[in-house]
Structures are given as structure tokens and as C-alpha cells.
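Undergrad: A single structure is presented below for examination.
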There are 2 protein chains.
Amino acid sequence: MNDSMEHWMEELLRKDDGERMTDKQTRIVRAAIEVFAEKGYSGAATSEIAQRAEVAEGTIFRHYKTKKELLYAIVSPIAARLIEPFVLRDLYPLFDTPHPTFEGFVRAILDNRIAFIESNIKVIRIMLQEVPFHAELRDRFLGVVGQRMLPRIARALEHYRAKGQIEAMPALTTIRLAGSSLFGYLITRFLIAPDDWNDGEEREATLQYMLRGLGYRASETTS
Amino acid sequence: MNDSMEHWMEELLRKDDGERMTDKQTRIVRAAIEVFAEKGYSGAATSEIAQRAEVAEGTIFRHYKTKKELLYAIVSPIAARLIEPFVLRDLYPLFDTPHPTFEGFVRAILDNRIAFIESNIKVIRIMLQEVPFHAELRDRFLGVVGQRMLPRIARALEHYRAKGQIEAMPALTTIRLAGSSLFGYLITRFLIAPDDWNDGEEREATLQYMLRGLGYRASETTS
DNA sequence: TCGAATAGTGAGTGATTACTCACTTCCATT
DNA sequence: AATGGAAGTGAGTAATCACTCACTATTCGA
């Protein structure tokens, strides 16, 4: 029936004020994720969501004023958590102790993000589907990415570049290139070819491609 | 009003049997592209398409039995042409004369695909949006890619690998990695950051990233 | 010039849509 | 045990949906 939403669910299933949701409320959210993922936002009928949640249709609108509010309630927390690790990781200095090499840095991010996306694939799919049609959603997401995530990654990159471990290149370009490779890996693995997939090999090949592409050299100067 | 669909339009605007479309029919197709791109397939109302085409709603259903058939009529020819150049390019031998180096090969594909996608961005957006929801569409697309495009690229890659110009790696992995970079470039350029975009620099950086990532060496053996 | 086929029309249809509201049920606090 | 507020209900509603059909207008070969 369901699969991989267990851990984050517990955190998603609180209201903004921290109160726990009732049983029926969690069933509504679960059902909505299912139906949005299958049919898209416009194609999903609130009547079907209610049916799958085994709940009266009115119950949905008791908790969410509109269908769009239900969508946002599902997508927003995941969007935030897509970015969070970069923010957190920056709190204890990322620069020196944790990863002396750029390779270690990239490998850590890769593993971390793969794991997260792996267990949130459904909601992320909904997000990717709907972002083009909801200006508010897009602006909020791009805003957070642009203002919080990118600058921090840029700072980390500058560190490794200064150590001569990677080629000089505008930070945004570096992020775009490496991001595309990560993104392509995930899309292929989860959406295009979930079968016939040797994950160990593909992951390593992707990593090597990224490192070579960015001109990684083990080290020249020591910090 | 409209912008970049001029050249392929002339070819799209024939029926399967080659007959030309009437004026109203072309207006329907144009309007449908607009509305599908803005609202998605489910979110698009046939009444709005008719309105924008300045046509009676019944006229749409005279030419297309259902709304879904209208979608397919728009998307199918573009899906085919996304792949076609690889097929054609292979007809006159790609291996020797045209591009002695792998770099030239990649650069040619890059330029070719960029130009095509640039002038078909709207329909491609529709395709990307709707493919997840229409199994028939997805299967047809993946079928053509898997059976016609991938084997031919794989053969070309084998050629350059044999000449020692690129690293040994499974062909599908190579294609995925290079494809991700191309895809990421296009997504960023057309969907995420159409402003603040130095195209010359970004295109060159992407190319270099791809070549380095695949372990490109100018040449070792001569053919 | 005619006739028949094709293109185009728009009011009309039943189904479905998101959402409302008067109502009942549940439960924590007194 | 009483009570007030929140949770839950489901029939009902106006709007919108994709699609039909009886009809008119246009085109074009004979």
C-alpha cells in the first residue's frame, strides 16, 4: 500500500503549531500524496482523496480551506528539507575537519541527498510536477534555494578552489554542472530505469564523472 | 502573441495523410499549445482553447475525437523529431570524415539539440509535464529512444573509445552522464534562469565539463 | 450550376468539480 | 454529569467539464 514515507511522516504530521494530527487527518494527507502523484494536482479529485482516506469529503475542507492549501501543506515541508542539510552542515565548520578533500565533500552530499530523495520520491515528484503551474510555490522554492543554499555551497567551493583541488569556475556554474549530474542520476534511477540498475557502479561512475569534470586534483597545497 | 514555433509548425500542420490543415485547425493547435503549456493537460479547458483560437468549441471535436487525441497530435511529432537527428546523422557515416575527434562529435550534437529545443520549448515542456501521466505516451517515447537512438549513439561512442579518445565505460552510463549535463544546461537556461545567462560561457563550460568528465584526450591513435 | 462532402457552429447534456452548511459525534475540562 | 468546542459528516449547490448533435456555410469536382 505505502512504502517509504514512514520517518518524515511523523514530522510532517504535525500542524504548524506543533500539535499532533488526528488519525483521519493523517489518512487524508497520505491519500492526497497517492492521488496527486498518480494524477497530478488538476487531475486529482477531492472526492477520490476522501474515498481513499475513508473519510467524508467535508472532512478534508474542515482542515484545509481549499484543495490548493492541501497541496501546499504536503509540498512545503519537503521543499524546506531538501535544502536544510546544506544549511545545517554549514553550522559546524564544514571547511576543515570534516572533509579535507573535495572528493569527501561531494561524496557526503551525494550520499546524504540520495538517501533523502530515496525516501521522499513521491512528494518530490509532485513538487516537480506542480512547480511550473504554481507561481507562489516556485517563487518560494527558488527564493530559499537562491538565498540560503547557493551562497553556502559557493563558500564551500571557494574553499576547495583556494586549495587548488578544483578548477577555477564561477560558483553558480560549478553548482549547475554538479547538480545536473546528481539530478540526472536520480531521475534515471527512480523514474526512467528503476530496473536494470547497478547502483554501486552507477553511483561511482557519476562521482568520478563529476570530479573529473570539475578538474579535481587530490591536493596541491595543504591548508 | 507567438514566437518560436514557425518552422516546425509548417510540418506539424499537416494531417497524417499529408493534407494541409485549414486556418481554423492551425489556430486550434496553436491555442492548445498555449493553454496546455500554461495550465497542464488536466488544467486546460477545451472551452478556453476554443476561445483563444476564436473557434466554436464543437470545431475542436470535429477534428479531434477527444481532448487526449488533441494532446497526442501536438506531442507526437515533436517526440519523434527529438530523436530523428541522431538517426539521420548516422546515415552518412558519422564515424570517419565528419568528426575526427570526439570533441567535434559532442559539440555538433550539443549545438544541434540546443537549436531544436530552443525553437520547440513550449511543446517540450508540455511533453515533460504530461509524460508521467500518460503511459502510452511514455512507452512510445522510451521505446523509440531505447531501440533506435541508444544503440546508434552506443556505436559511435565505441568508435571513439577504440581510438582511445574517451575513457572505457558502459555506453549507457556514458550517455546518461553526458545526457544529464545537456539536460541540466537546457533546464537551467530555459526554465530556471532565463535571465542572467551568459550563454557562450555556460555552453563552453558545460562542454568542457562533459569532455573532462568522460576522460577526453585529443587523440592517441590515428584511424 | 448543381450536389455532395466537408468544415464550422453553439446551444444543450449529463457527469463531475471544489466547496458549503446544518447537523451529529466525540472528548476534554469543569 | 454537564457542557462547550473541535472533529467529522454527507446531502446539496453552482460552476465547470468534455463532448454531442442538429444544423448552416463553404468548398470544389463534375
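Ligands are numbered from 1 in the order shown, chains are lettered A, B, ... in the order of the C-alpha cells, and residues start at 1 in each chain.
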Counting only C-alpha atoms (C1' of nucleotides), which residues in chain D sit no more than 10 Å from chain A? For each one, give the nearest pair of atoms and the distance in Å, sorted by chain then residue number, as a Markdown table.
TA:
| residue | atom | partner | partner_atom | distance |
| --- | --- | --- | --- | --- |
| D:DA7 | C1' | A:Thr59 | CA | 8.2 |
| D:DG8 | C1' | A:Thr59 | CA | 6.0 |
| D:DT9 | C1' | A:Ala56 | CA | 6.1 |
| D:DG10 | C1' | A:Ala56 | CA | 6.9 |
Undergrad: Please produce a file of the residues just selected, as a compact mmCIF listing (two decimals), in the first residue's frame, where the atoms kept are C-alpha atoms (C1' of nucleotides).
TA:
# COMPACT_ATOMS: atom_id res chain seq x y z
C1' DA D 7 -13.88 16.75 14.65
C1' DG D 8 -16.49 14.60 11.41
C1' DT D 9 -20.46 14.02 8.27
C1' DG D 10 -22.88 13.83 3.71
Undergrad: Per residue of chain C within 12 Å of chain A, note the shortest atom pair and the distance in Å to one decimal, counting only C-alpha atoms (C1' of nucleotides), and order the rows by chain and increasing residue number, as a Markdown table.
TA:
| residue | atom | partner | partner_atom | distance |
| --- | --- | --- | --- | --- |
| C:DT16 | C1' | A:Ala45 | CA | 9.1 |
| C:DT17 | C1' | A:Ala45 | CA | 7.6 |
| C:DA18 | C1' | A:Thr46 | CA | 7.5 |
| C:DC19 | C1' | A:Phe61 | CA | 7.7 |
| C:DT20 | C1' | A:Gly58 | CA | 8.7 |
| C:DC21 | C1' | A:Gly58 | CA | 9.9 |
Undergrad: Check every residue of chain B for an atom within 8 Å of chain A, counting only C-alpha atoms, and provide those that qualify as a PyMOL selection string.
TA: chain B and resi 38-40+42-43+129+133+173+176-177+179-181+183-185+188+202+205-206+208-215
Undergrad: Save out the residues we just selected, N, CA, C and O atoms, as a compact mmCIF listing (two decimals), in the first residue's frame.
TA:
# COMPACT_ATOMS: atom_id res chain seq x y z
N GLU B 38 0.47 26.45 -20.30
CA GLU B 38 0.21 27.30 -19.13
C GLU B 38 -0.42 26.53 -17.98
O GLU B 38 -0.08 26.75 -16.82
N LYS B 39 -1.37 25.64 -18.31
CA LYS B 39 -2.18 25.04 -17.25
C LYS B 39 -1.96 23.53 -17.09
O LYS B 39 -2.52 22.94 -16.17
N GLY B 40 -1.22 22.92 -17.98
CA GLY B 40 -1.14 21.46 -17.96
C GLY B 40 -2.35 20.85 -18.62
O GLY B 40 -3.37 21.52 -18.83
N SER B 42 -4.62 18.48 -17.67
CA SER B 42 -5.86 18.42 -16.88
C SER B 42 -6.42 19.80 -16.59
O SER B 42 -7.62 19.98 -16.53
N GLY B 43 -5.53 20.75 -16.39
CA GLY B 43 -5.96 22.09 -16.05
C GLY B 43 -6.47 22.89 -17.24
O GLY B 43 -7.07 23.95 -17.07
N GLN B 129 5.79 17.57 -18.89
CA GLN B 129 4.73 17.62 -17.89
C GLN B 129 3.84 16.39 -17.93
O GLN B 129 3.47 15.83 -16.91
N PHE B 133 1.94 11.03 -16.72
CA PHE B 133 0.54 10.68 -16.51
C PHE B 133 -0.07 9.89 -17.66
O PHE B 133 -1.22 9.47 -17.58
N THR B 173 25.97 4.22 -19.48
CA THR B 173 26.42 5.14 -18.43
C THR B 173 26.97 6.42 -19.05
O THR B 173 26.63 7.53 -18.61
N ARG B 176 24.10 8.47 -20.22
CA ARG B 176 23.37 9.07 -19.11
C ARG B 176 24.10 10.28 -18.56
O ARG B 176 23.49 11.34 -18.34
N LEU B 177 25.41 10.15 -18.38
CA LEU B 177 26.19 11.25 -17.81
C LEU B 177 26.20 12.46 -18.73
O LEU B 177 25.88 13.58 -18.32
N GLY B 179 24.15 13.03 -21.21
CA GLY B 179 22.76 13.48 -21.35
C GLY B 179 22.31 14.33 -20.18
O GLY B 179 21.63 15.34 -20.38
N SER B 180 22.70 13.95 -18.98
CA SER B 180 22.33 14.74 -17.81
C SER B 180 22.89 16.15 -17.91
O SER B 180 22.21 17.13 -17.58
N SER B 181 24.12 16.25 -18.36
CA SER B 181 24.73 17.57 -18.47
C SER B 181 24.02 18.43 -19.50
O SER B 181 23.74 19.61 -19.25
N PHE B 183 20.91 18.04 -20.53
CA PHE B 183 19.58 18.28 -19.98
C PHE B 183 19.62 19.39 -18.92
O PHE B 183 18.80 20.30 -18.94
N GLY B 184 20.58 19.31 -18.03
CA GLY B 184 20.70 20.30 -16.98
C GLY B 184 20.97 21.69 -17.53
O GLY B 184 20.41 22.69 -17.06
N TYR B 185 21.80 21.75 -18.55
CA TYR B 185 22.07 23.02 -19.22
C TYR B 185 20.78 23.62 -19.75
O TYR B 185 20.48 24.80 -19.56
N THR B 188 18.19 24.66 -16.96
CA THR B 188 18.59 25.90 -16.30
C THR B 188 18.41 27.09 -17.22
O THR B 188 17.88 28.13 -16.83
N GLU B 202 28.48 29.62 -20.53
CA GLU B 202 27.87 28.43 -19.92
C GLU B 202 27.94 27.24 -20.86
O GLU B 202 28.17 26.11 -20.43
N ALA B 205 31.50 25.99 -20.81
CA ALA B 205 31.80 25.33 -19.53
C ALA B 205 31.17 23.94 -19.48
O ALA B 205 31.78 22.97 -19.03
N THR B 206 29.94 23.86 -19.97
CA THR B 206 29.26 22.57 -19.99
C THR B 206 30.01 21.57 -20.86
O THR B 206 30.22 20.42 -20.49
N GLN B 208 33.20 21.58 -21.71
CA GLN B 208 34.46 21.20 -21.08
C GLN B 208 34.23 20.21 -19.94
O GLN B 208 34.97 19.24 -19.77
N TYR B 209 33.20 20.47 -19.17
CA TYR B 209 32.84 19.57 -18.06
C TYR B 209 32.55 18.17 -18.57
O TYR B 209 33.06 17.17 -18.05
N MET B 210 31.76 18.09 -19.64
CA MET B 210 31.44 16.80 -20.23
C MET B 210 32.69 16.09 -20.72
O MET B 210 32.91 14.91 -20.45
N LEU B 211 33.52 16.81 -21.47
CA LEU B 211 34.71 16.20 -22.05
C LEU B 211 35.67 15.73 -20.96
O LEU B 211 36.16 14.60 -21.00
N ARG B 212 35.93 16.57 -19.98
CA ARG B 212 36.80 16.17 -18.89
C ARG B 212 36.20 14.99 -18.14
O ARG B 212 36.89 14.03 -17.80
N GLY B 213 34.89 15.07 -17.89
CA GLY B 213 34.22 14.02 -17.14
C GLY B 213 34.33 12.66 -17.81
O GLY B 213 34.46 11.63 -17.15
N LEU B 214 34.30 12.67 -19.13
CA LEU B 214 34.38 11.41 -19.87
C LEU B 214 35.83 11.02 -20.17
O LEU B 214 36.08 10.03 -20.84
N GLY B 215 36.77 11.83 -19.67
CA GLY B 215 38.18 11.49 -19.84
C GLY B 215 38.67 11.69 -21.26
O GLY B 215 39.43 10.87 -21.78
Undergrad: For region 143-149 of chain A, list every protein, DNA or RNA residue within 12 Å, evaluated using only C-alpha atoms (C1' of nucleotides), and leave out those in the same chain fewer than 6 positions away; present the list as an MDAnalysis selection string.
TA: (chainID A and resid 76 79:90 135:137 155:156 172 175) or (chainID B and resid 192:193)
Undergrad: Could the residues in this selection be written to a file with N, CA, C and O atoms, as an mmCIF file, in the first residue's frame?
TA:
data_model
loop_
_atom_site.group_PDB
_atom_site.id
_atom_site.type_symbol
_atom_site.label_atom_id
_atom_site.label_comp_id
_atom_site.auth_asym_id
_atom_site.auth_seq_id
_atom_site.Cartn_x
_atom_site.Cartn_y
_atom_site.Cartn_z
ATOM 1 N N SER A 76 5.295 21.852 0.979
ATOM 2 C CA SER A 76 6.165 22.838 1.622
ATOM 3 C C SER A 76 7.221 22.227 2.544
ATOM 4 O O SER A 76 8.403 22.562 2.426
ATOM 5 N N ALA A 79 9.980 20.615 0.581
ATOM 6 C CA ALA A 79 10.802 21.608 -0.096
ATOM 7 C C ALA A 79 11.821 22.190 0.872
ATOM 8 O O ALA A 79 12.997 22.356 0.542
ATOM 9 N N ALA A 80 11.379 22.465 2.083
ATOM 10 C CA ALA A 80 12.280 23.027 3.075
ATOM 11 C C ALA A 80 13.396 22.034 3.398
ATOM 12 O O ALA A 80 14.563 22.393 3.468
ATOM 13 N N ARG A 81 13.034 20.768 3.555
ATOM 14 C CA ARG A 81 14.020 19.773 3.966
ATOM 15 C C ARG A 81 14.958 19.372 2.848
ATOM 16 O O ARG A 81 15.987 18.749 3.087
ATOM 17 N N LEU A 82 14.581 19.709 1.615
ATOM 18 C CA LEU A 82 15.502 19.460 0.512
ATOM 19 C C LEU A 82 16.758 20.283 0.683
ATOM 20 O O LEU A 82 17.827 19.934 0.193
ATOM 21 N N ILE A 83 16.605 21.385 1.351
ATOM 22 C CA ILE A 83 17.673 22.379 1.415
ATOM 23 C C ILE A 83 18.378 22.366 2.759
ATOM 24 O O ILE A 83 19.577 22.580 2.850
ATOM 25 N N GLU A 84 17.620 22.078 3.774
ATOM 26 C CA GLU A 84 18.067 22.112 5.152
ATOM 27 C C GLU A 84 19.479 21.579 5.400
ATOM 28 O O GLU A 84 20.276 22.243 6.057
ATOM 29 N N PRO A 85 19.825 20.398 4.897
ATOM 30 C CA PRO A 85 21.130 19.816 5.240
ATOM 31 C C PRO A 85 22.291 20.722 4.900
ATOM 32 O O PRO A 85 23.263 20.806 5.635
ATOM 33 N N PHE A 86 22.167 21.422 3.787
ATOM 34 C CA PHE A 86 23.228 22.347 3.437
ATOM 35 C C PHE A 86 23.355 23.431 4.488
ATOM 36 O O PHE A 86 24.431 23.855 4.852
ATOM 37 N N VAL A 87 22.219 23.855 4.956
ATOM 38 C CA VAL A 87 22.219 24.892 5.974
ATOM 39 C C VAL A 87 22.807 24.365 7.275
ATOM 40 O O VAL A 87 23.662 24.987 7.894
ATOM 41 N N LEU A 88 22.351 23.208 7.683
ATOM 42 C CA LEU A 88 22.833 22.628 8.928
ATOM 43 C C LEU A 88 24.318 22.293 8.847
ATOM 44 O O LEU A 88 25.087 22.594 9.740
ATOM 45 N N ARG A 89 24.675 21.673 7.741
ATOM 46 C CA ARG A 89 26.043 21.237 7.583
ATOM 47 C C ARG A 89 27.022 22.399 7.738
ATOM 48 O O ARG A 89 28.162 22.227 8.114
ATOM 49 N N ASP A 90 26.517 23.569 7.428
ATOM 50 C CA ASP A 90 27.392 24.727 7.463
ATOM 51 C C ASP A 90 27.614 25.205 8.888
ATOM 52 O O ASP A 90 28.540 25.956 9.166
ATOM 53 N N ALA A 135 2.931 29.696 -9.293
ATOM 54 C CA ALA A 135 3.972 30.716 -9.186
ATOM 55 C C ALA A 135 4.436 30.877 -7.745
ATOM 56 O O ALA A 135 5.628 31.017 -7.482
ATOM 57 N N GLU A 136 3.500 30.833 -6.822
ATOM 58 C CA GLU A 136 3.847 31.040 -5.422
ATOM 59 C C GLU A 136 4.806 29.966 -4.923
ATOM 60 O O GLU A 136 5.803 30.237 -4.268
ATOM 61 N N LEU A 137 4.481 28.724 -5.298
ATOM 62 C CA LEU A 137 5.319 27.587 -4.935
ATOM 63 C C LEU A 137 6.724 27.755 -5.502
ATOM 64 O O LEU A 137 7.723 27.588 -4.809
ATOM 65 N N ARG A 155 30.463 29.233 -0.881
ATOM 66 C CA ARG A 155 31.561 29.450 0.064
ATOM 67 C C ARG A 155 32.414 28.201 0.205
ATOM 68 O O ARG A 155 33.649 28.268 0.216
ATOM 69 N N ALA A 156 31.728 27.049 0.302
ATOM 70 C CA ALA A 156 32.475 25.798 0.422
ATOM 71 C C ALA A 156 33.345 25.565 -0.810
ATOM 72 O O ALA A 156 34.519 25.188 -0.705
ATOM 73 N N LEU A 172 28.299 29.431 -9.453
ATOM 74 C CA LEU A 172 26.985 29.012 -9.925
ATOM 75 C C LEU A 172 27.097 27.992 -11.051
ATOM 76 O O LEU A 172 26.286 27.063 -11.138
ATOM 77 N N ILE A 175 28.003 24.650 -9.506
ATOM 78 C CA ILE A 175 26.832 24.051 -8.855
ATOM 79 C C ILE A 175 25.862 23.494 -9.890
ATOM 80 O O ILE A 175 25.313 22.403 -9.733
ATOM 81 N N ILE B 192 14.796 27.669 -15.470
ATOM 82 C CA ILE B 192 15.128 28.168 -14.138
ATOM 83 C C ILE B 192 15.665 29.587 -14.183
ATOM 84 O O ILE B 192 15.197 30.459 -13.466
ATOM 85 N N ALA B 193 16.640 29.806 -15.042
ATOM 86 C CA ALA B 193 17.265 31.135 -15.036
ATOM 87 C C ALA B 193 17.398 31.695 -16.441
ATOM 88 O O ALA B 193 18.496 31.830 -16.962
#
Undergrad: If you run DSSP on this backbone, which residues of region 58-205 of chain B come out as alpha helix (DSSP H), and could you give them as a count of residues only?
TA: 103
Undergrad: How far is it from CA of Lys163 (chain A) to CA of Val106 (chain A), in Å with one decimal?
TA: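 The value is 15.4 Å.
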Undergrad: Please determine, counting only C-alpha atoms, which residue among A:Arg189, A:Arg203, A:Arg161, A:Arg140 has the shortest atom-to-atom distance to Tyr216 (chain A).
TA: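 Among the listed residues, the smallest separation from Tyr216 (chain A) belongs to A:Arg161.
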Undergrad: Please, what distance in Å, to one decimal, runs between CA of Ala218 (chain B) and CA of Phe116 (chain B)?
TA: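 Going from CA of Ala218 (chain B) over to CA of Phe116 (chain B) covers 27.9 Å.
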Undergrad: Quote the spacing between CA of Arg27 (chain B) and CA of Lys122 (chain B) in Å to one decimal place.
TA: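 Those two atoms sit 15.7 Å apart.
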